[in-house]
file target.cif (mmCIF, C-alpha atoms, pLDDT in the B column; chains and numbers go by the auth columns)
data_protein
loop_
_atom_site.group_PDB
_atom_site.id
_atom_site.type_symbol
_atom_site.label_atom_id
_atom_site.label_comp_id
_atom_site.label_asym_id
_atom_site.label_seq_id
_atom_site.Cartn_x
_atom_site.Cartn_y
_atom_site.Cartn_z
_atom_site.B_iso_or_equiv
_atom_site.auth_seq_id
_atom_site.auth_asym_id
ATOM 1 C CA MET A 1 0.000 0.000 0.000 44.00 1 A
ATOM 2 C CA SER A 2 2.789 2.429 0.827 55.00 2 A
ATOM 3 C CA ILE A 3 4.412 1.878 -2.572 62.00 3 A
ATOM 4 C CA SER A 4 1.200 2.434 -4.502 64.00 4 A
ATOM 5 C CA GLY A 5 0.588 5.678 -2.603 67.00 5 A
ATOM 6 C CA LEU A 6 -2.966 4.582 -1.797 68.00 6 A
ATOM 7 C CA SER A 7 -4.721 3.637 1.399 75.00 7 A
ATOM 8 C CA ARG A 8 -5.943 0.057 1.778 74.00 8 A
ATOM 9 C CA ASN A 9 -9.521 1.140 0.995 82.00 9 A
ATOM 10 C CA ASP A 10 -8.456 3.189 -2.034 78.00 10 A
ATOM 11 C CA LEU A 11 -6.383 0.277 -3.337 75.00 11 A
ATOM 12 C CA GLU A 12 -9.302 -2.110 -2.867 78.00 12 A
ATOM 13 C CA GLU A 13 -11.596 0.286 -4.728 82.00 13 A
ATOM 14 C CA LEU A 14 -9.089 0.697 -7.560 77.00 14 A
ATOM 15 C CA LEU A 15 -8.717 -3.071 -7.942 76.00 15 A
ATOM 16 C CA GLU A 16 -12.493 -3.373 -8.213 80.00 16 A
ATOM 17 C CA GLU A 17 -12.718 -0.576 -10.799 80.00 17 A
ATOM 18 C CA ASP A 18 -9.735 -1.371 -13.044 77.00 18 A
ATOM 19 C CA PRO A 19 -9.972 -4.837 -14.611 77.00 19 A
ATOM 20 C CA ALA A 20 -6.409 -4.579 -15.960 76.00 20 A
ATOM 21 C CA LEU A 21 -5.108 -4.846 -12.379 78.00 21 A
ATOM 22 C CA THR A 22 -7.146 -7.941 -11.467 78.00 22 A
ATOM 23 C CA PRO A 23 -4.717 -10.498 -12.963 78.00 23 A
ATOM 24 C CA LEU A 24 -1.823 -8.842 -11.114 78.00 24 A
ATOM 25 C CA TYR A 25 -3.689 -8.977 -7.823 78.00 25 A
ATOM 26 C CA LEU A 26 -4.676 -12.613 -8.373 80.00 26 A
ATOM 27 C CA ARG A 27 -1.061 -13.574 -9.139 75.00 27 A
ATOM 28 C CA VAL A 28 0.041 -12.089 -5.819 76.00 28 A
ATOM 29 C CA LEU A 29 -2.742 -13.901 -3.948 78.00 29 A
ATOM 30 C CA TRP A 30 -1.948 -17.204 -5.666 75.00 30 A
ATOM 31 C CA ALA A 31 1.761 -16.842 -4.903 70.00 31 A
ATOM 32 C CA ALA A 32 0.993 -16.070 -1.278 71.00 32 A
ATOM 33 C CA GLY A 33 -0.641 -19.471 -1.015 73.00 33 A
ATOM 34 C CA MET A 34 1.877 -21.387 -3.121 70.00 34 A
ATOM 35 C CA ASN A 35 5.296 -19.801 -2.563 66.00 35 A
ATOM 36 C CA GLY A 36 5.377 -18.760 1.078 68.00 36 A
ATOM 37 C CA HIS A 37 8.781 -17.023 0.927 74.00 37 A
ATOM 38 C CA ASP A 38 8.419 -13.682 2.693 76.00 38 A
ATOM 39 C CA GLU A 39 10.931 -11.872 0.497 74.00 39 A
ATOM 40 C CA THR A 40 9.238 -13.107 -2.679 75.00 40 A
ATOM 41 C CA LEU A 41 5.841 -11.999 -1.402 76.00 41 A
ATOM 42 C CA ARG A 42 7.180 -8.567 -0.390 76.00 42 A
ATOM 43 C CA ALA A 43 8.744 -8.172 -3.836 76.00 43 A
ATOM 44 C CA MET A 44 5.507 -9.206 -5.531 77.00 44 A
ATOM 45 C CA GLY A 45 3.534 -6.765 -3.409 77.00 45 A
ATOM 46 C CA ALA A 46 6.057 -4.078 -4.293 76.00 46 A
ATOM 47 C CA THR A 47 5.691 -4.885 -7.993 76.00 47 A
ATOM 48 C CA LEU A 48 1.905 -4.649 -7.729 78.00 48 A
ATOM 49 C CA GLY A 49 2.270 -1.319 -5.904 77.00 49 A
ATOM 50 C CA GLU A 50 4.625 -0.002 -8.601 75.00 50 A
ATOM 51 C CA ALA A 51 2.144 -1.043 -11.310 76.00 51 A
ATOM 52 C CA VAL A 52 -0.694 0.749 -9.513 75.00 52 A
ATOM 53 C CA ARG A 53 1.407 3.861 -9.039 74.00 53 A
ATOM 54 C CA SER A 54 2.705 3.977 -12.622 72.00 54 A
ATOM 55 C CA ARG A 55 -0.600 3.198 -14.365 68.00 55 A
ATOM 56 C CA ASP A 56 -1.408 6.914 -14.431 64.00 56 A
ATOM 57 C CA CYS A 57 1.924 7.854 -16.050 64.00 57 A
ATOM 58 C CA ASP A 58 0.770 7.135 -19.612 60.00 58 A
ATOM 59 C CA ASP A 59 2.984 4.041 -19.696 63.00 59 A
ATOM 60 C CA ALA A 60 0.740 1.393 -21.222 64.00 60 A
ATOM 61 C CA GLU A 61 3.501 -1.184 -20.900 75.00 61 A
ATOM 62 C CA SER A 62 3.874 -0.889 -17.098 75.00 62 A
ATOM 63 C CA ILE A 63 0.957 -3.264 -16.428 76.00 63 A
ATOM 64 C CA ALA A 64 2.346 -5.773 -18.955 77.00 64 A
ATOM 65 C CA ASP A 65 5.820 -5.484 -17.379 76.00 65 A
ATOM 66 C CA ALA A 66 4.391 -6.069 -13.914 77.00 66 A
ATOM 67 C CA ASP A 67 2.375 -9.035 -15.176 78.00 67 A
ATOM 68 C CA GLN A 68 5.487 -10.636 -16.698 75.00 68 A
ATOM 69 C CA ALA A 69 7.485 -10.041 -13.529 75.00 69 A
ATOM 70 C CA LEU A 70 4.768 -11.407 -11.235 77.00 70 A
ATOM 71 C CA LEU A 71 4.332 -14.512 -13.359 75.00 71 A
ATOM 72 C CA GLY A 72 7.994 -15.387 -12.979 73.00 72 A
ATOM 73 C CA MET A 73 8.374 -14.194 -9.397 77.00 73 A
ATOM 74 C CA SER A 74 6.060 -16.846 -8.014 75.00 74 A
ATOM 75 C CA ARG A 75 8.915 -19.340 -8.535 78.00 75 A
ATOM 76 C CA LEU A 76 11.611 -17.269 -6.875 82.00 76 A
ATOM 77 C CA THR A 77 13.240 -18.321 -3.624 85.00 77 A
ATOM 78 C CA PRO A 78 15.517 -16.549 -1.147 87.00 78 A
ATOM 79 C CA ARG A 79 18.487 -17.793 -3.223 92.00 79 A
ATOM 80 C CA HIS A 80 17.229 -15.809 -6.210 92.00 80 A
ATOM 81 C CA PHE A 81 16.847 -12.669 -4.134 89.00 81 A
ATOM 82 C CA ARG A 82 20.328 -13.119 -2.706 93.00 82 A
ATOM 83 C CA VAL A 83 21.687 -13.066 -6.277 94.00 83 A
ATOM 84 C CA LEU A 84 19.486 -10.125 -7.322 93.00 84 A
ATOM 85 C CA ARG A 85 20.353 -8.123 -4.223 92.00 85 A
ATOM 86 C CA PHE A 86 24.046 -8.783 -4.853 93.00 86 A
ATOM 87 C CA LEU A 87 23.750 -7.615 -8.473 92.00 87 A
ATOM 88 C CA CYS A 88 22.047 -4.428 -7.277 90.00 88 A
ATOM 89 C CA SER A 89 24.408 -3.605 -4.439 84.00 89 A
ATOM 90 C CA LYS A 90 27.856 -4.880 -5.365 73.00 90 A
ATOM 91 C CA PRO A 91 28.834 -3.788 -8.851 63.00 91 A
ATOM 92 C CA ARG A 92 32.066 -5.358 -10.046 58.00 92 A
ATOM 93 C CA PRO A 93 34.132 -3.800 -12.800 54.00 93 A
ATOM 94 C CA ILE A 94 35.187 -6.175 -15.578 57.00 94 A
ATOM 95 C CA ALA A 95 37.658 -5.027 -18.218 59.00 95 A
ATOM 96 C CA GLY A 96 35.735 -3.587 -21.155 60.00 96 A
ATOM 97 C CA ALA A 97 32.338 -4.116 -19.524 57.00 97 A
ATOM 98 C CA ASP A 98 29.797 -1.996 -17.744 59.00 98 A
ATOM 99 C CA PRO A 99 30.828 -1.715 -14.069 55.00 99 A
ATOM 100 C CA SER A 100 27.540 -3.240 -12.899 60.00 100 A
ATOM 101 C CA VAL A 101 28.018 -6.434 -14.947 71.00 101 A
ATOM 102 C CA TRP A 102 29.058 -9.753 -13.434 82.00 102 A
ATOM 103 C CA SER A 103 30.065 -12.969 -15.150 85.00 103 A
ATOM 104 C CA THR A 104 28.345 -16.178 -14.049 89.00 104 A
ATOM 105 C CA ALA A 105 31.664 -17.575 -12.807 88.00 105 A
ATOM 106 C CA TYR A 106 32.426 -14.489 -10.670 87.00 106 A
ATOM 107 C CA LEU A 107 28.899 -14.430 -9.251 91.00 107 A
ATOM 108 C CA ALA A 108 29.082 -18.123 -8.372 94.00 108 A
ATOM 109 C CA GLU A 109 32.428 -17.595 -6.663 93.00 109 A
ATOM 110 C CA GLU A 110 31.319 -14.500 -4.720 92.00 110 A
ATOM 111 C CA LEU A 111 28.067 -16.089 -3.528 95.00 111 A
ATOM 112 C CA GLU A 112 29.612 -19.513 -2.927 96.00 112 A
ATOM 113 C CA MET A 113 27.370 -21.354 -5.364 96.00 113 A
ATOM 114 C CA THR A 114 28.118 -23.717 -8.203 96.00 114 A
ATOM 115 C CA GLU A 115 28.078 -22.177 -11.673 93.00 115 A
ATOM 116 C CA GLU A 116 25.197 -24.487 -12.563 95.00 116 A
ATOM 117 C CA ARG A 117 23.044 -23.215 -9.677 95.00 117 A
ATOM 118 C CA MET A 118 24.004 -19.635 -10.498 95.00 118 A
ATOM 119 C CA SER A 119 22.943 -20.195 -14.124 93.00 119 A
ATOM 120 C CA TRP A 120 19.571 -21.516 -12.941 93.00 120 A
ATOM 121 C CA CYS A 121 19.050 -18.462 -10.746 94.00 121 A
ATOM 122 C CA LEU A 122 20.049 -16.059 -13.503 94.00 122 A
ATOM 123 C CA THR A 123 17.751 -17.779 -15.986 92.00 123 A
ATOM 124 C CA ASP A 124 14.812 -17.526 -13.580 91.00 124 A
ATOM 125 C CA LEU A 125 15.596 -13.890 -12.782 92.00 125 A
ATOM 126 C CA GLY A 126 15.887 -13.141 -16.482 91.00 126 A
ATOM 127 C CA THR A 127 12.451 -14.566 -17.273 86.00 127 A
ATOM 128 C CA THR A 128 10.947 -12.176 -14.738 83.00 128 A
ATOM 129 C CA GLY A 129 12.652 -9.169 -16.302 85.00 129 A
ATOM 130 C CA LEU A 130 14.644 -8.523 -13.117 87.00 130 A
ATOM 131 C CA THR A 131 18.028 -9.225 -14.728 90.00 131 A
ATOM 132 C CA ILE A 132 19.525 -9.428 -18.177 88.00 132 A
ATOM 133 C CA SER A 133 22.206 -11.932 -19.157 86.00 133 A
ATOM 134 C CA GLU A 134 24.187 -11.626 -22.333 84.00 134 A
ATOM 135 C CA GLY A 135 26.959 -13.684 -23.885 81.00 135 A
ATOM 136 C CA ARG A 136 30.145 -11.662 -24.064 69.00 136 A
ATOM 137 C CA TRP A 137 33.785 -12.390 -24.501 67.00 137 A
ATOM 138 C CA GLY A 138 34.797 -14.395 -21.460 65.00 138 A
ATOM 139 C CA GLY A 139 31.367 -15.885 -20.763 75.00 139 A
ATOM 140 C CA VAL A 140 27.854 -14.840 -19.877 81.00 140 A
ATOM 141 C CA HIS A 141 27.516 -11.540 -18.038 85.00 141 A
ATOM 142 C CA SER A 142 24.490 -10.385 -16.058 88.00 142 A
ATOM 143 C CA TRP A 143 23.150 -7.221 -14.527 88.00 143 A
ATOM 144 C CA ALA A 144 20.030 -6.057 -12.717 90.00 144 A
ATOM 145 C CA THR A 145 17.450 -4.213 -14.799 86.00 145 A
ATOM 146 C CA PRO A 146 15.785 -1.024 -13.573 82.00 146 A
ATOM 147 C CA LEU A 147 12.775 -3.211 -12.656 80.00 147 A
ATOM 148 C CA GLY A 148 15.068 -5.524 -10.670 85.00 148 A
ATOM 149 C CA GLN A 149 16.575 -2.572 -8.836 85.00 149 A
ATOM 150 C CA ALA A 150 13.132 -1.123 -8.119 79.00 150 A
ATOM 151 C CA VAL A 151 11.877 -4.466 -6.800 78.00 151 A
ATOM 152 C CA VAL A 152 14.847 -4.798 -4.435 83.00 152 A
ATOM 153 C CA ARG A 153 14.412 -1.215 -3.184 80.00 153 A
ATOM 154 C CA ALA A 154 10.681 -1.706 -2.686 72.00 154 A
ATOM 155 C CA ALA A 155 11.079 -5.109 -1.010 72.00 155 A
ATOM 156 C CA ASP A 156 13.680 -3.600 1.322 77.00 156 A
ATOM 157 C CA GLN A 157 11.307 -0.744 2.191 71.00 157 A
ATOM 158 C CA LEU A 158 8.495 -3.200 2.911 63.00 158 A
ATOM 159 C CA GLY A 159 10.821 -5.411 4.938 62.00 159 A
ATOM 160 C CA ALA A 160 11.782 -2.461 7.129 47.00 160 A
ATOM 161 C CA VAL A 161 8.159 -1.730 7.983 40.00 161 A
#

call {"tool": "encode", "arguments": {"input": "target.cif", "output": "structure tokens"}}
result
Amino acid sequence: MSISGLSRNDLEELLEEDPALTPLYLRVLWAAGMNGHDETLRAMGATLGEAVRSRDCDDAESIADADQALLGMSRLTPRHFRVLRFLCSKPRPIAGADPSVWSTAYLAEELEMTEERMSWCLTDLGTTGLTISEGRWGGVHSWATPLGQAVVRAADQLGAV
């Protein structure tokens, strides 16, 4: 509610009035029953709040972006958020690359995971639109998208409440 900028009653009324938001709301409710990971649920709530807040900004794609993210987020675990949070908070310079880009091998080493598990996490995060991975010289490199950064910030704000 704090992210959307609306009170609980106003948010409830908006969800009843705007059918485009109904699938987003139902995804969050379904995930709450199926996933159970607090961080995932906070991030999903934050994504729903961002979609509600940005729907008035003449960005027709914001609802579609939120829908894609929520669809993938229902599968995310604390391991995924550990990787995403790391990508958002610990940029590592690589020669000739954007400073916020990490190779799969470096990420696996830093987070003490196997490269295979790191690849799984990055694939899942990529399908949600929270990260982007791209083949470059020296391997696959990944970085958090603006949506990924916003989700981490919002989930952190909700977690502090």

call {"tool": "closest_residue", "arguments": {"input": "target.cif", "among": "A:Leu24, A:Leu107, A:Leu29, A:Val101", "to": "Thr145 of chain A", "atoms": "only C-alpha atoms"}}
result
A:Val101

call {"tool": "atom_distance", "arguments": {"input": "target.cif", "atom1": "atom CA of Ala69 of chain A", "atom2": "atom CA of Val140 of chain A"}}
result
21.9 Å

call {"tool": "closest_residue", "arguments": {"input": "target.cif", "among": "A:Ala144, A:Leu130, A:Ala150, A:Leu71", "to": "Arg27 of chain A", "atoms": "only C-alpha atoms"}}
result
A:Leu71

call {"tool": "closest_residue", "arguments": {"input": "target.cif", "among": "A:Glu13, A:Glu115, A:Glu110, A:Asp67", "to": "Leu48 of chain A", "atoms": "only C-alpha atoms"}}
result
A:Asp67

call {"tool": "resolve_selection", "arguments": {"input": "target.cif", "expression": "the PyMOL selection byres ((chain A and resi 76) around 12)", "output": "VMD selection string"}}
result
chain A and resid 31 34 to 44 69 to 75 77 to 84 120 to 128 130

call {"tool": "atom_distance", "arguments": {"input": "target.cif", "atom1": "atom CA of Gln149 of chain A", "atom2": "atom CA of Asp18 of chain A"}}
result
26.7 Å

call {"tool": "atom_distance", "arguments": {"input": "target.cif", "atom1": "atom CA of Ser142 of chain A", "atom2": "atom CA of Val28 of chain A"}}
result
26.6 Å

call {"tool": "closest_residue", "arguments": {"input": "target.cif", "among": "A:Glu12, A:Asp156, A:Glu116, A:Asp65", "to": "Glu50 of chain A", "atoms": "all atoms listed in the file"}}
result
A:Asp65

call {"tool": "closest_residue", "arguments": {"input": "target.cif", "among": "A:Tyr25, A:Trp143, A:Trp30, A:Tyr106", "to": "Arg85 of chain A", "atoms": "all atoms listed in the file"}}
result
A:Trp143

call {"tool": "decode", "arguments": {"input": "target.cif", "residues": "segment 10-136 of chain A", "atoms": "C-alpha atoms", "output": "mmCIF file, in the first residue's frame"}}
result
data_model
loop_
_atom_site.group_PDB
_atom_site.id
_atom_site.type_symbol
_atom_site.label_atom_id
_atom_site.label_comp_id
_atom_site.auth_asym_id
_atom_site.auth_seq_id
_atom_site.Cartn_x
_atom_site.Cartn_y
_atom_site.Cartn_z
ATOM 1 C CA ASP A 10 -8.456 3.189 -2.034
ATOM 2 C CA LEU A 11 -6.383 0.277 -3.337
ATOM 3 C CA GLU A 12 -9.302 -2.110 -2.867
ATOM 4 C CA GLU A 13 -11.596 0.286 -4.728
ATOM 5 C CA LEU A 14 -9.089 0.697 -7.560
ATOM 6 C CA LEU A 15 -8.717 -3.071 -7.942
ATOM 7 C CA GLU A 16 -12.493 -3.373 -8.213
ATOM 8 C CA GLU A 17 -12.718 -0.576 -10.799
ATOM 9 C CA ASP A 18 -9.735 -1.371 -13.044
ATOM 10 C CA PRO A 19 -9.972 -4.837 -14.611
ATOM 11 C CA ALA A 20 -6.409 -4.579 -15.960
ATOM 12 C CA LEU A 21 -5.108 -4.846 -12.379
ATOM 13 C CA THR A 22 -7.146 -7.941 -11.467
ATOM 14 C CA PRO A 23 -4.717 -10.498 -12.963
ATOM 15 C CA LEU A 24 -1.823 -8.842 -11.114
ATOM 16 C CA TYR A 25 -3.689 -8.977 -7.823
ATOM 17 C CA LEU A 26 -4.676 -12.613 -8.373
ATOM 18 C CA ARG A 27 -1.061 -13.574 -9.139
ATOM 19 C CA VAL A 28 0.041 -12.089 -5.819
ATOM 20 C CA LEU A 29 -2.742 -13.901 -3.948
ATOM 21 C CA TRP A 30 -1.948 -17.204 -5.666
ATOM 22 C CA ALA A 31 1.761 -16.842 -4.903
ATOM 23 C CA ALA A 32 0.993 -16.070 -1.278
ATOM 24 C CA GLY A 33 -0.641 -19.471 -1.015
ATOM 25 C CA MET A 34 1.877 -21.387 -3.121
ATOM 26 C CA ASN A 35 5.296 -19.801 -2.563
ATOM 27 C CA GLY A 36 5.377 -18.760 1.078
ATOM 28 C CA HIS A 37 8.781 -17.023 0.927
ATOM 29 C CA ASP A 38 8.419 -13.682 2.693
ATOM 30 C CA GLU A 39 10.931 -11.872 0.497
ATOM 31 C CA THR A 40 9.238 -13.107 -2.679
ATOM 32 C CA LEU A 41 5.841 -11.999 -1.402
ATOM 33 C CA ARG A 42 7.180 -8.567 -0.390
ATOM 34 C CA ALA A 43 8.744 -8.172 -3.836
ATOM 35 C CA MET A 44 5.507 -9.206 -5.531
ATOM 36 C CA GLY A 45 3.534 -6.765 -3.409
ATOM 37 C CA ALA A 46 6.057 -4.078 -4.293
ATOM 38 C CA THR A 47 5.691 -4.885 -7.993
ATOM 39 C CA LEU A 48 1.905 -4.649 -7.729
ATOM 40 C CA GLY A 49 2.270 -1.319 -5.904
ATOM 41 C CA GLU A 50 4.625 -0.002 -8.601
ATOM 42 C CA ALA A 51 2.144 -1.043 -11.310
ATOM 43 C CA VAL A 52 -0.694 0.749 -9.513
ATOM 44 C CA ARG A 53 1.407 3.861 -9.039
ATOM 45 C CA SER A 54 2.705 3.977 -12.622
ATOM 46 C CA ARG A 55 -0.600 3.198 -14.365
ATOM 47 C CA ASP A 56 -1.408 6.914 -14.431
ATOM 48 C CA CYS A 57 1.924 7.854 -16.050
ATOM 49 C CA ASP A 58 0.770 7.135 -19.612
ATOM 50 C CA ASP A 59 2.984 4.041 -19.696
ATOM 51 C CA ALA A 60 0.740 1.393 -21.222
ATOM 52 C CA GLU A 61 3.501 -1.184 -20.900
ATOM 53 C CA SER A 62 3.874 -0.889 -17.098
ATOM 54 C CA ILE A 63 0.957 -3.264 -16.428
ATOM 55 C CA ALA A 64 2.346 -5.773 -18.955
ATOM 56 C CA ASP A 65 5.820 -5.484 -17.379
ATOM 57 C CA ALA A 66 4.391 -6.069 -13.914
ATOM 58 C CA ASP A 67 2.375 -9.035 -15.176
ATOM 59 C CA GLN A 68 5.487 -10.636 -16.698
ATOM 60 C CA ALA A 69 7.485 -10.041 -13.529
ATOM 61 C CA LEU A 70 4.768 -11.407 -11.235
ATOM 62 C CA LEU A 71 4.332 -14.512 -13.359
ATOM 63 C CA GLY A 72 7.994 -15.387 -12.979
ATOM 64 C CA MET A 73 8.374 -14.194 -9.397
ATOM 65 C CA SER A 74 6.060 -16.846 -8.014
ATOM 66 C CA ARG A 75 8.915 -19.340 -8.535
ATOM 67 C CA LEU A 76 11.611 -17.269 -6.875
ATOM 68 C CA THR A 77 13.240 -18.321 -3.624
ATOM 69 C CA PRO A 78 15.517 -16.549 -1.147
ATOM 70 C CA ARG A 79 18.487 -17.793 -3.223
ATOM 71 C CA HIS A 80 17.229 -15.809 -6.210
ATOM 72 C CA PHE A 81 16.847 -12.669 -4.134
ATOM 73 C CA ARG A 82 20.328 -13.119 -2.706
ATOM 74 C CA VAL A 83 21.687 -13.066 -6.277
ATOM 75 C CA LEU A 84 19.486 -10.125 -7.322
ATOM 76 C CA ARG A 85 20.353 -8.123 -4.223
ATOM 77 C CA PHE A 86 24.046 -8.783 -4.853
ATOM 78 C CA LEU A 87 23.750 -7.615 -8.473
ATOM 79 C CA CYS A 88 22.047 -4.428 -7.277
ATOM 80 C CA SER A 89 24.408 -3.605 -4.439
ATOM 81 C CA LYS A 90 27.856 -4.880 -5.365
ATOM 82 C CA PRO A 91 28.834 -3.788 -8.851
ATOM 83 C CA ARG A 92 32.066 -5.358 -10.046
ATOM 84 C CA PRO A 93 34.132 -3.800 -12.800
ATOM 85 C CA ILE A 94 35.187 -6.175 -15.578
ATOM 86 C CA ALA A 95 37.658 -5.027 -18.218
ATOM 87 C CA GLY A 96 35.735 -3.587 -21.155
ATOM 88 C CA ALA A 97 32.338 -4.116 -19.524
ATOM 89 C CA ASP A 98 29.797 -1.996 -17.744
ATOM 90 C CA PRO A 99 30.828 -1.715 -14.069
ATOM 91 C CA SER A 100 27.540 -3.240 -12.899
ATOM 92 C CA VAL A 101 28.018 -6.434 -14.947
ATOM 93 C CA TRP A 102 29.058 -9.753 -13.434
ATOM 94 C CA SER A 103 30.065 -12.969 -15.150
ATOM 95 C CA THR A 104 28.345 -16.178 -14.049
ATOM 96 C CA ALA A 105 31.664 -17.575 -12.807
ATOM 97 C CA TYR A 106 32.426 -14.489 -10.670
ATOM 98 C CA LEU A 107 28.899 -14.430 -9.251
ATOM 99 C CA ALA A 108 29.082 -18.123 -8.372
ATOM 100 C CA GLU A 109 32.428 -17.595 -6.663
ATOM 101 C CA GLU A 110 31.319 -14.500 -4.720
ATOM 102 C CA LEU A 111 28.067 -16.089 -3.528
ATOM 103 C CA GLU A 112 29.612 -19.513 -2.927
ATOM 104 C CA MET A 113 27.370 -21.354 -5.364
ATOM 105 C CA THR A 114 28.118 -23.717 -8.203
ATOM 106 C CA GLU A 115 28.078 -22.177 -11.673
ATOM 107 C CA GLU A 116 25.197 -24.487 -12.563
ATOM 108 C CA ARG A 117 23.044 -23.215 -9.677
ATOM 109 C CA MET A 118 24.004 -19.635 -10.498
ATOM 110 C CA SER A 119 22.943 -20.195 -14.124
ATOM 111 C CA TRP A 120 19.571 -21.516 -12.941
ATOM 112 C CA CYS A 121 19.050 -18.462 -10.746
ATOM 113 C CA LEU A 122 20.049 -16.059 -13.503
ATOM 114 C CA THR A 123 17.751 -17.779 -15.986
ATOM 115 C CA ASP A 124 14.812 -17.526 -13.580
ATOM 116 C CA LEU A 125 15.596 -13.890 -12.782
ATOM 117 C CA GLY A 126 15.887 -13.141 -16.482
ATOM 118 C CA THR A 127 12.451 -14.566 -17.273
ATOM 119 C CA THR A 128 10.947 -12.176 -14.738
ATOM 120 C CA GLY A 129 12.652 -9.169 -16.302
ATOM 121 C CA LEU A 130 14.644 -8.523 -13.117
ATOM 122 C CA THR A 131 18.028 -9.225 -14.728
ATOM 123 C CA ILE A 132 19.525 -9.428 -18.177
ATOM 124 C CA SER A 133 22.206 -11.932 -19.157
ATOM 125 C CA GLU A 134 24.187 -11.626 -22.333
ATOM 126 C CA GLY A 135 26.959 -13.684 -23.885
ATOM 127 C CA ARG A 136 30.145 -11.662 -24.064
#
